[in-house]
Amino acid sequence: MNSKQNQLQAFERLLDIMDDLREKCPWDKKQTMQTLRHLTIEETYELGDAILDNDLNEVKNELGDLLLHIVFYAKIGSETNDFDMADVCNDICEKLIHRHPHIYSDVVVKDEEEVKQNWEKLKLKEGKKSVLEGVPKSLPALVKASRIQDKVKGVGFDWEESHQVWDKVQEELQELQVEIEAGDQDKMESEFGDVLFSMINYARFLNINPEDALERTNKKFIKRFQYLESKADELGKPLMDMTLAEMDVFWNEAKKL
């Protein structure tokens, strides 16, 4: 592994390259925070994919892409005299020191949960009116639900036992069934949302990340379905011309692989 000095030199090299690109490259010169935003989101998802695949070389590559974006935003900020890379680094350093009084002060904590509770309390003292202010509005709904539950847990709003959460899941399923039988589409959607929210809550008690769990299932389904497609291609028979029974033969083969 590289020494801290080598790491700092590498970071300085990236800052210098960013200066060159911003000055000399027609594409880089045109970029704004607004034009970079969707690209940053895409890079973040690509990093997430690499992490789920446990491809450490790709994790390294995607971290580089994401770091480039951070440096890019800081460069743009410096051009308007609003902030630069040093401001970004110093601000996060001050925040980390302030929110870790058990490290940088005399506060004593007994476990991880107390650390998280103190974190949320400190954020409220910093002027936030709600513990939910830190949940981005643009997060995908599943991720947002998970973050909401994490946030309120930090101030003690949570179930005590996992069986209580499972009981809540069963209750929400029954309420959904009532609306399905009544045929009210709007209420069905509302109750379906409640079921999902309670399932995400239960996943938390099982120490399961619901986003990761669902993505694992997505990848599993894709792999099996593509196996089915390949077998249909070998037979020279379009999927739409196959019966479900024929498809099930190859699907079950895929499950055994």
# chains A, B, ... in the order shown; residues from 1 in each chain; ligands from 1
$ closest_atom_pairs --of "segment 75-101 of chain A" --to "segment 122-144 of chain A" --cutoff "10 Å" --atoms "only C-alpha atoms" --output "tab-separated table"
residue	atom	partner	partner_atom	distance
A:Lys95	CA	A:Lys123	CA	9.9
A:His98	CA	A:Leu122	CA	8.2
A:Arg99	CA	A:Leu122	CA	6.5
A:His100	CA	A:Leu122	CA	9.5
A:Pro101	CA	A:Leu122	CA	9.8
$ closest_atom_pairs --of "segment 40-116 of chain A" --to "segment 3-13 of chain A" --cutoff "12 Å" --atoms "only C-alpha atoms" --output "CSV"
residue,atom,partner,partner_atom,distance
A:Gly64,CA,A:Phe11,CA,10.6
A:Leu67,CA,A:Phe11,CA,9.6
A:Leu68,CA,A:Phe11,CA,10.2
A:Ile70,CA,A:Phe11,CA,11.8
A:Val71,CA,A:Phe11,CA,9.6
A:Met85,CA,A:Glu12,CA,10.7
A:Ala86,CA,A:Glu12,CA,11.6
$ write_last_selection --atoms "all heavy atoms" --output "PDB file, in the first residue's frame"
ATOM      1  N   GLY A  64     -12.448   6.080  -8.327  1.00  0.00           N
ATOM      2  CA  GLY A  64     -11.714   7.113  -9.049  1.00  0.00           C
ATOM      3  C   GLY A  64     -12.638   8.013  -9.844  1.00  0.00           C
ATOM      4  O   GLY A  64     -12.489   9.248  -9.850  1.00  0.00           O
ATOM      5  N   LEU A  67     -14.419  10.226  -7.382  1.00  0.00           N
ATOM      6  CA  LEU A  67     -13.506  11.234  -6.843  1.00  0.00           C
ATOM      7  C   LEU A  67     -13.289  12.345  -7.860  1.00  0.00           C
ATOM      8  O   LEU A  67     -13.205  13.523  -7.495  1.00  0.00           O
ATOM      9  CB  LEU A  67     -12.177  10.586  -6.466  1.00  0.00           C
ATOM     10  CG  LEU A  67     -11.103  11.515  -5.882  1.00  0.00           C
ATOM     11  CD1 LEU A  67     -11.617  12.227  -4.630  1.00  0.00           C
ATOM     12  CD2 LEU A  67      -9.839  10.727  -5.569  1.00  0.00           C
ATOM     13  N   LEU A  68     -13.197  11.977  -9.131  1.00  0.00           N
ATOM     14  CA  LEU A  68     -13.061  12.992 -10.175  1.00  0.00           C
ATOM     15  C   LEU A  68     -14.223  13.974 -10.130  1.00  0.00           C
ATOM     16  O   LEU A  68     -14.039  15.184 -10.260  1.00  0.00           O
ATOM     17  CB  LEU A  68     -12.997  12.314 -11.551  1.00  0.00           C
ATOM     18  CG  LEU A  68     -13.078  13.265 -12.761  1.00  0.00           C
ATOM     19  CD1 LEU A  68     -11.904  14.229 -12.775  1.00  0.00           C
ATOM     20  CD2 LEU A  68     -13.141  12.464 -14.055  1.00  0.00           C
ATOM     21  N   ILE A  70     -16.072  14.762  -7.538  1.00  0.00           N
ATOM     22  CA  ILE A  70     -15.937  15.607  -6.349  1.00  0.00           C
ATOM     23  C   ILE A  70     -14.947  16.736  -6.614  1.00  0.00           C
ATOM     24  O   ILE A  70     -15.203  17.913  -6.292  1.00  0.00           O
ATOM     25  CB  ILE A  70     -15.484  14.763  -5.144  1.00  0.00           C
ATOM     26  CG1 ILE A  70     -16.594  13.770  -4.766  1.00  0.00           C
ATOM     27  CG2 ILE A  70     -15.136  15.657  -3.949  1.00  0.00           C
ATOM     28  CD1 ILE A  70     -16.161  12.738  -3.747  1.00  0.00           C
ATOM     29  N   VAL A  71     -13.824  16.389  -7.212  1.00  0.00           N
ATOM     30  CA  VAL A  71     -12.814  17.393  -7.548  1.00  0.00           C
ATOM     31  C   VAL A  71     -13.370  18.386  -8.567  1.00  0.00           C
ATOM     32  O   VAL A  71     -13.094  19.592  -8.493  1.00  0.00           O
ATOM     33  CB  VAL A  71     -11.540  16.695  -8.087  1.00  0.00           C
ATOM     34  CG1 VAL A  71     -10.581  17.710  -8.703  1.00  0.00           C
ATOM     35  CG2 VAL A  71     -10.849  15.927  -6.968  1.00  0.00           C
ATOM     36  N   MET A  85     -11.432  22.881  -2.901  1.00  0.00           N
ATOM     37  CA  MET A  85     -11.239  21.536  -2.355  1.00  0.00           C
ATOM     38  C   MET A  85     -10.832  21.573  -0.888  1.00  0.00           C
ATOM     39  O   MET A  85     -11.245  20.713  -0.098  1.00  0.00           O
ATOM     40  CB  MET A  85     -10.176  20.795  -3.181  1.00  0.00           C
ATOM     41  CG  MET A  85     -10.210  19.285  -3.014  1.00  0.00           C
ATOM     42  SD  MET A  85     -11.697  18.546  -3.714  1.00  0.00           S
ATOM     43  CE  MET A  85     -12.294  17.614  -2.316  1.00  0.00           C
ATOM     44  N   ALA A  86     -10.048  22.576  -0.506  1.00  0.00           N
ATOM     45  CA  ALA A  86      -9.642  22.697   0.903  1.00  0.00           C
ATOM     46  C   ALA A  86     -10.852  22.963   1.789  1.00  0.00           C
ATOM     47  O   ALA A  86     -10.963  22.410   2.893  1.00  0.00           O
ATOM     48  CB  ALA A  86      -8.605  23.805   1.060  1.00  0.00           C
TER      49      ALA A  86
END
$ residues_around --residues "Ala203 of chain A" --least-positions-apart "6" --cutoff "10 Å" --atoms "only C-alpha atoms" --output "list in words"
Ser146, Ser162, Val165, Trp166, Phe197, Asn209, Pro210, Glu211 and Ala213 of chain A
$ write_last_selection --atoms "C-alpha atoms" --output "compact mmCIF listing (two decimals), in the first residue's frame"
# COMPACT_ATOMS: atom_id res chain seq x y z
CA SER A 146 -34.71 2.43 4.82
CA SER A 162 -38.37 -8.30 15.82
CA VAL A 165 -42.34 -5.94 13.41
CA TRP A 166 -43.33 -9.28 11.88
CA PHE A 197 -42.53 -0.18 4.36
CA ASN A 209 -30.10 -4.33 3.61
CA PRO A 210 -33.35 -4.45 1.58
CA GLU A 211 -31.79 -2.68 -1.42
CA ALA A 213 -31.34 -8.11 -1.05
$ select_by_dssp --residues "segment 47-200 of chain A" --states "alpha helix (DSSP H)" --output "tab-separated table (two decimals) with N, CA and C atoms, in the first residue's frame"
chain	number	residue	atom	x	y	z
A	47	LEU	N	-20.63	2.32	-8.91
A	47	LEU	CA	-19.86	1.92	-7.74
A	47	LEU	C	-20.65	0.90	-6.93
A	48	GLY	N	-21.95	1.16	-6.76
A	48	GLY	CA	-22.79	0.22	-6.02
A	48	GLY	C	-22.80	-1.15	-6.66
A	49	ASP	N	-22.87	-1.20	-8.00
A	49	ASP	CA	-22.84	-2.48	-8.70
A	49	ASP	C	-21.53	-3.23	-8.43
A	50	ALA	N	-20.42	-2.50	-8.49
A	50	ALA	CA	-19.11	-3.12	-8.27
A	50	ALA	C	-19.00	-3.68	-6.86
A	51	ILE	N	-19.57	-2.97	-5.89
A	51	ILE	CA	-19.54	-3.43	-4.51
A	51	ILE	C	-20.37	-4.70	-4.36
A	52	LEU	N	-21.57	-4.72	-4.96
A	52	LEU	CA	-22.42	-5.91	-4.89
A	52	LEU	C	-21.77	-7.10	-5.56
A	56	LEU	N	-13.31	-5.92	-6.52
A	56	LEU	CA	-12.54	-4.86	-5.86
A	56	LEU	C	-11.76	-4.00	-6.85
A	57	ASN	N	-11.32	-4.58	-7.94
A	57	ASN	CA	-10.62	-3.78	-8.94
A	57	ASN	C	-11.57	-2.75	-9.55
A	58	GLU	N	-12.82	-3.20	-9.80
A	58	GLU	CA	-13.81	-2.28	-10.35
A	58	GLU	C	-14.25	-1.26	-9.30
A	59	VAL	N	-14.28	-1.65	-8.03
A	59	VAL	CA	-14.57	-0.70	-6.95
A	59	VAL	C	-13.54	0.43	-6.98
A	60	LYS	N	-12.26	0.04	-7.12
A	60	LYS	CA	-11.19	1.04	-7.19
A	60	LYS	C	-11.41	1.99	-8.36
A	61	ASN	N	-11.75	1.43	-9.53
A	61	ASN	CA	-11.95	2.25	-10.72
A	61	ASN	C	-13.13	3.21	-10.55
A	62	GLU	N	-14.22	2.69	-9.99
A	62	GLU	CA	-15.42	3.53	-9.83
A	62	GLU	C	-15.21	4.59	-8.75
A	63	LEU	N	-14.43	4.28	-7.72
A	63	LEU	CA	-14.09	5.29	-6.72
A	63	LEU	C	-13.32	6.43	-7.38
A	64	GLY	N	-12.45	6.08	-8.33
A	64	GLY	CA	-11.71	7.11	-9.05
A	64	GLY	C	-12.64	8.01	-9.84
A	65	ASP	N	-13.62	7.40	-10.52
A	65	ASP	CA	-14.59	8.19	-11.29
A	65	ASP	C	-15.37	9.13	-10.38
A	66	LEU	N	-15.76	8.61	-9.22
A	66	LEU	CA	-16.54	9.43	-8.29
A	66	LEU	C	-15.68	10.54	-7.68
A	67	LEU	N	-14.42	10.23	-7.38
A	67	LEU	CA	-13.51	11.23	-6.84
A	67	LEU	C	-13.29	12.34	-7.86
A	68	LEU	N	-13.20	11.98	-9.13
A	68	LEU	CA	-13.06	12.99	-10.18
A	68	LEU	C	-14.22	13.97	-10.13
A	69	HIS	N	-15.43	13.45	-9.93
A	69	HIS	CA	-16.60	14.33	-9.87
A	69	HIS	C	-16.52	15.27	-8.67
A	70	ILE	N	-16.07	14.76	-7.54
A	70	ILE	CA	-15.94	15.61	-6.35
A	70	ILE	C	-14.95	16.74	-6.61
A	71	VAL	N	-13.82	16.39	-7.21
A	71	VAL	CA	-12.81	17.39	-7.55
A	71	VAL	C	-13.37	18.39	-8.57
A	72	PHE	N	-14.16	17.89	-9.50
A	72	PHE	CA	-14.77	18.73	-10.54
A	72	PHE	C	-15.69	19.78	-9.91
A	73	TYR	N	-16.57	19.33	-9.01
A	73	TYR	CA	-17.47	20.27	-8.34
A	73	TYR	C	-16.69	21.32	-7.55
A	74	ALA	N	-15.64	20.88	-6.86
A	74	ALA	CA	-14.83	21.81	-6.08
A	74	ALA	C	-14.14	22.83	-6.98
A	75	LYS	N	-13.70	22.38	-8.15
A	75	LYS	CA	-13.06	23.29	-9.11
A	75	LYS	C	-14.04	24.35	-9.59
A	76	ILE	N	-15.26	23.92	-9.91
A	76	ILE	CA	-16.29	24.87	-10.33
A	76	ILE	C	-16.60	25.85	-9.21
A	77	GLY	N	-16.67	25.34	-7.97
A	77	GLY	CA	-16.92	26.21	-6.82
A	77	GLY	C	-15.83	27.25	-6.63
A	78	SER	N	-14.59	26.85	-6.92
A	78	SER	CA	-13.47	27.79	-6.75
A	78	SER	C	-13.52	28.90	-7.79
A	79	GLU	N	-14.06	28.59	-8.97
A	79	GLU	CA	-14.12	29.58	-10.06
A	79	GLU	C	-15.11	30.70	-9.76
A	85	MET	N	-11.43	22.88	-2.90
A	85	MET	CA	-11.24	21.54	-2.35
A	85	MET	C	-10.83	21.57	-0.89
A	86	ALA	N	-10.05	22.58	-0.51
A	86	ALA	CA	-9.64	22.70	0.90
A	86	ALA	C	-10.85	22.96	1.79
A	87	ASP	N	-11.77	23.79	1.31
A	87	ASP	CA	-12.99	24.08	2.08
A	87	ASP	C	-13.82	22.81	2.26
A	88	VAL	N	-13.93	22.03	1.19
A	88	VAL	CA	-14.68	20.78	1.25
A	88	VAL	C	-14.08	19.84	2.30
A	89	CYS	N	-12.76	19.68	2.24
A	89	CYS	CA	-12.08	18.78	3.17
A	89	CYS	C	-12.16	19.28	4.61
A	90	ASN	N	-11.92	20.58	4.80
A	90	ASN	CA	-11.95	21.14	6.15
A	90	ASN	C	-13.34	21.07	6.77
A	91	ASP	N	-14.37	21.32	5.96
A	91	ASP	CA	-15.74	21.27	6.47
A	91	ASP	C	-16.10	19.87	6.95
A	92	ILE	N	-15.74	18.86	6.16
A	92	ILE	CA	-16.09	17.50	6.57
A	92	ILE	C	-15.25	17.09	7.78
A	93	CYS	N	-14.01	17.56	7.86
A	93	CYS	CA	-13.18	17.26	9.04
A	93	CYS	C	-13.80	17.85	10.30
A	94	GLU	N	-14.23	19.10	10.23
A	94	GLU	CA	-14.84	19.74	11.39
A	94	GLU	C	-16.13	19.04	11.79
A	95	LYS	N	-16.91	18.64	10.78
A	95	LYS	CA	-18.16	17.94	11.07
A	95	LYS	C	-17.89	16.60	11.77
A	96	LEU	N	-16.91	15.85	11.27
A	96	LEU	CA	-16.59	14.55	11.86
A	96	LEU	C	-16.10	14.69	13.29
A	97	ILE	N	-15.27	15.70	13.53
A	97	ILE	CA	-14.77	15.94	14.90
A	97	ILE	C	-15.91	16.30	15.84
A	98	HIS	N	-16.81	17.18	15.35
A	98	HIS	CA	-17.94	17.62	16.17
A	98	HIS	C	-18.89	16.47	16.48
A	101	PRO	N	-17.82	13.10	19.52
A	101	PRO	CA	-17.29	13.56	20.81
A	101	PRO	C	-16.71	12.43	21.66
A	102	HIS	N	-17.11	11.19	21.34
A	102	HIS	CA	-16.55	10.04	22.06
A	102	HIS	C	-15.11	9.76	21.63
A	103	ILE	N	-14.67	10.40	20.55
A	103	ILE	CA	-13.29	10.27	20.09
A	103	ILE	C	-12.49	11.53	20.40
A	104	TYR	N	-13.11	12.69	20.13
A	104	TYR	CA	-12.39	13.96	20.23
A	104	TYR	C	-12.77	14.79	21.45
A	112	GLU	N	-22.36	0.91	19.27
A	112	GLU	CA	-22.65	1.57	18.00
A	112	GLU	C	-23.97	2.34	18.03
A	113	GLU	N	-24.98	1.77	18.72
A	113	GLU	CA	-26.28	2.41	18.75
A	113	GLU	C	-26.22	3.77	19.43
A	114	GLU	N	-25.45	3.87	20.50
A	114	GLU	CA	-25.32	5.16	21.18
A	114	GLU	C	-24.62	6.18	20.29
A	115	VAL	N	-23.66	5.71	19.50
A	115	VAL	CA	-22.98	6.60	18.56
A	115	VAL	C	-24.00	7.19	17.58
A	116	LYS	N	-24.86	6.34	17.04
A	116	LYS	CA	-25.87	6.79	16.07
A	116	LYS	C	-26.88	7.73	16.71
A	117	GLN	N	-27.26	7.44	17.96
A	117	GLN	CA	-28.20	8.32	18.65
A	117	GLN	C	-27.59	9.69	18.91
A	118	ASN	N	-26.33	9.70	19.34
A	118	ASN	CA	-25.64	10.98	19.58
A	118	ASN	C	-25.51	11.78	18.29
A	119	TRP	N	-25.25	11.07	17.20
A	119	TRP	CA	-25.12	11.71	15.89
A	119	TRP	C	-26.38	12.50	15.55
A	120	GLU	N	-27.55	11.85	15.72
A	120	GLU	CA	-28.81	12.51	15.39
A	120	GLU	C	-29.10	13.66	16.35
A	121	LYS	N	-28.79	13.50	17.62
A	121	LYS	CA	-29.00	14.58	18.58
A	121	LYS	C	-28.14	15.79	18.26
A	122	LEU	N	-26.90	15.55	17.86
A	122	LEU	CA	-26.00	16.65	17.51
A	122	LEU	C	-26.49	17.39	16.27
A	123	LYS	N	-27.05	16.65	15.32
A	123	LYS	CA	-27.56	17.29	14.11
A	123	LYS	C	-28.71	18.23	14.44
A	124	LEU	N	-29.55	17.82	15.40
A	124	LEU	CA	-30.66	18.68	15.81
A	124	LEU	C	-30.13	19.94	16.50
A	125	LYS	N	-29.07	19.78	17.30
A	125	LYS	CA	-28.47	20.92	17.97
A	125	LYS	C	-27.83	21.88	16.98
A	141	ALA	N	-37.41	5.24	-3.71
A	141	ALA	CA	-38.34	5.04	-2.61
A	141	ALA	C	-37.89	3.97	-1.63
A	142	LEU	N	-37.35	2.85	-2.13
A	142	LEU	CA	-36.94	1.76	-1.24
A	142	LEU	C	-35.79	2.21	-0.34
A	143	VAL	N	-34.82	2.87	-0.94
A	143	VAL	CA	-33.68	3.36	-0.16
A	143	VAL	C	-34.14	4.43	0.82
A	144	LYS	N	-35.04	5.29	0.37
A	144	LYS	CA	-35.55	6.36	1.24
A	144	LYS	C	-36.26	5.80	2.46
A	145	ALA	N	-37.07	4.76	2.26
A	145	ALA	CA	-37.78	4.15	3.39
A	145	ALA	C	-36.79	3.61	4.41
A	146	SER	N	-35.73	2.98	3.92
A	146	SER	CA	-34.71	2.43	4.82
A	146	SER	C	-34.02	3.53	5.60
A	147	ARG	N	-33.69	4.62	4.93
A	147	ARG	CA	-33.00	5.73	5.60
A	147	ARG	C	-33.93	6.42	6.61
A	148	ILE	N	-35.20	6.57	6.27
A	148	ILE	CA	-36.17	7.16	7.20
A	148	ILE	C	-36.21	6.35	8.49
A	149	GLN	N	-36.27	5.04	8.36
A	149	GLN	CA	-36.35	4.17	9.53
A	149	GLN	C	-35.07	4.24	10.35
A	150	ASP	N	-33.92	4.31	9.68
A	150	ASP	CA	-32.65	4.46	10.40
A	150	ASP	C	-32.61	5.76	11.19
A	151	LYS	N	-33.11	6.82	10.56
A	151	LYS	CA	-33.07	8.14	11.20
A	151	LYS	C	-33.93	8.19	12.46
A	152	VAL	N	-35.16	7.71	12.37
A	152	VAL	CA	-36.06	7.80	13.53
A	152	VAL	C	-35.61	6.84	14.63
A	153	LYS	N	-34.96	5.75	14.23
A	153	LYS	CA	-34.42	4.83	15.24
A	153	LYS	C	-33.37	5.55	16.08
A	162	SER	N	-38.13	-8.00	17.23
A	162	SER	CA	-38.37	-8.30	15.82
A	162	SER	C	-39.75	-8.91	15.60
A	163	HIS	N	-40.25	-9.68	16.59
A	163	HIS	CA	-41.55	-10.32	16.40
A	163	HIS	C	-42.66	-9.28	16.32
A	164	GLN	N	-42.45	-8.10	16.96
A	164	GLN	CA	-43.45	-7.03	16.86
A	164	GLN	C	-43.53	-6.50	15.43
A	165	VAL	N	-42.38	-6.43	14.79
A	165	VAL	CA	-42.34	-5.94	13.41
A	165	VAL	C	-42.99	-6.96	12.48
A	166	TRP	N	-42.72	-8.24	12.72
A	166	TRP	CA	-43.33	-9.28	11.88
A	166	TRP	C	-44.84	-9.28	12.05
A	167	ASP	N	-45.31	-9.05	13.27
A	167	ASP	CA	-46.76	-8.94	13.50
A	167	ASP	C	-47.33	-7.78	12.70
A	168	LYS	N	-46.57	-6.69	12.61
A	168	LYS	CA	-47.01	-5.53	11.84
A	168	LYS	C	-47.08	-5.86	10.35
A	169	VAL	N	-46.13	-6.63	9.87
A	169	VAL	CA	-46.16	-7.07	8.48
A	169	VAL	C	-47.44	-7.85	8.20
A	170	GLN	N	-47.76	-8.79	9.10
A	170	GLN	CA	-48.97	-9.60	8.93
A	170	GLN	C	-50.23	-8.72	8.96
A	171	GLU	N	-50.23	-7.74	9.85
A	171	GLU	CA	-51.37	-6.82	9.94
A	171	GLU	C	-51.54	-6.05	8.64
A	172	GLU	N	-50.42	-5.55	8.08
A	172	GLU	CA	-50.49	-4.78	6.83
A	172	GLU	C	-50.93	-5.66	5.67
A	173	LEU	N	-50.51	-6.92	5.65
A	173	LEU	CA	-50.94	-7.84	4.60
A	173	LEU	C	-52.44	-8.08	4.65
A	174	GLN	N	-52.97	-8.21	5.86
A	174	GLN	CA	-54.41	-8.41	6.01
A	174	GLN	C	-55.18	-7.18	5.53
A	175	GLU	N	-54.67	-5.99	5.85
A	175	GLU	CA	-55.32	-4.76	5.41
A	175	GLU	C	-55.27	-4.63	3.89
A	176	LEU	N	-54.16	-5.07	3.30
A	176	LEU	CA	-54.06	-5.05	1.84
A	176	LEU	C	-55.09	-6.00	1.23
A	177	GLN	N	-55.24	-7.19	1.82
A	177	GLN	CA	-56.19	-8.18	1.30
A	177	GLN	C	-57.62	-7.64	1.34
A	178	VAL	N	-57.95	-6.90	2.39
A	178	VAL	CA	-59.28	-6.29	2.50
A	178	VAL	C	-59.54	-5.35	1.33
A	179	GLU	N	-58.55	-4.52	1.00
A	179	GLU	CA	-58.73	-3.55	-0.09
A	179	GLU	C	-58.72	-4.22	-1.46
A	180	ILE	N	-57.97	-5.33	-1.57
A	180	ILE	CA	-57.99	-6.09	-2.83
A	180	ILE	C	-59.39	-6.65	-3.08
A	181	GLU	N	-60.00	-7.19	-2.02
A	181	GLU	CA	-61.35	-7.75	-2.14
A	181	GLU	C	-62.38	-6.66	-2.40
A	182	ALA	N	-62.11	-5.44	-1.88
A	182	ALA	CA	-63.03	-4.32	-2.10
A	182	ALA	C	-62.84	-3.73	-3.49
A	185	GLN	N	-58.68	0.69	-6.06
A	185	GLN	CA	-57.31	0.76	-6.55
A	185	GLN	C	-56.42	1.70	-5.75
A	186	ASP	N	-56.96	2.86	-5.37
A	186	ASP	CA	-56.17	3.84	-4.62
A	186	ASP	C	-55.79	3.30	-3.25
A	187	LYS	N	-56.76	2.68	-2.56
A	187	LYS	CA	-56.49	2.13	-1.23
A	187	LYS	C	-55.58	0.90	-1.33
A	188	MET	N	-55.72	0.14	-2.41
A	188	MET	CA	-54.83	-1.01	-2.63
A	188	MET	C	-53.38	-0.53	-2.73
A	189	GLU	N	-53.16	0.54	-3.48
A	189	GLU	CA	-51.81	1.07	-3.63
A	189	GLU	C	-51.27	1.56	-2.30
A	190	SER	N	-52.12	2.25	-1.54
A	190	SER	CA	-51.71	2.76	-0.23
A	190	SER	C	-51.31	1.62	0.70
A	191	GLU	N	-52.14	0.58	0.76
A	191	GLU	CA	-51.85	-0.55	1.64
A	191	GLU	C	-50.64	-1.35	1.16
A	192	PHE	N	-50.47	-1.43	-0.16
A	192	PHE	CA	-49.29	-2.12	-0.69
A	192	PHE	C	-48.02	-1.39	-0.26
A	193	GLY	N	-48.08	-0.07	-0.27
A	193	GLY	CA	-46.95	0.72	0.21
A	193	GLY	C	-46.66	0.45	1.68
A	194	ASP	N	-47.73	0.31	2.47
A	194	ASP	CA	-47.55	0.01	3.90
A	194	ASP	C	-46.88	-1.36	4.09
A	195	VAL	N	-47.27	-2.32	3.25
A	195	VAL	CA	-46.65	-3.65	3.33
A	195	VAL	C	-45.16	-3.56	3.05
A	196	LEU	N	-44.80	-2.85	1.98
A	196	LEU	CA	-43.39	-2.69	1.62
A	196	LEU	C	-42.62	-2.00	2.74
A	197	PHE	N	-43.20	-0.94	3.30
A	197	PHE	CA	-42.53	-0.18	4.36
A	197	PHE	C	-42.29	-1.07	5.58
A	198	SER	N	-43.28	-1.89	5.92
A	198	SER	CA	-43.13	-2.77	7.09
A	198	SER	C	-42.13	-3.88	6.81
A	199	MET	N	-42.07	-4.36	5.57
A	199	MET	CA	-41.08	-5.39	5.21
A	199	MET	C	-39.66	-4.83	5.28
A	200	ILE	N	-39.49	-3.59	4.84
A	200	ILE	CA	-38.19	-2.93	4.93
A	200	ILE	C	-37.79	-2.77	6.39
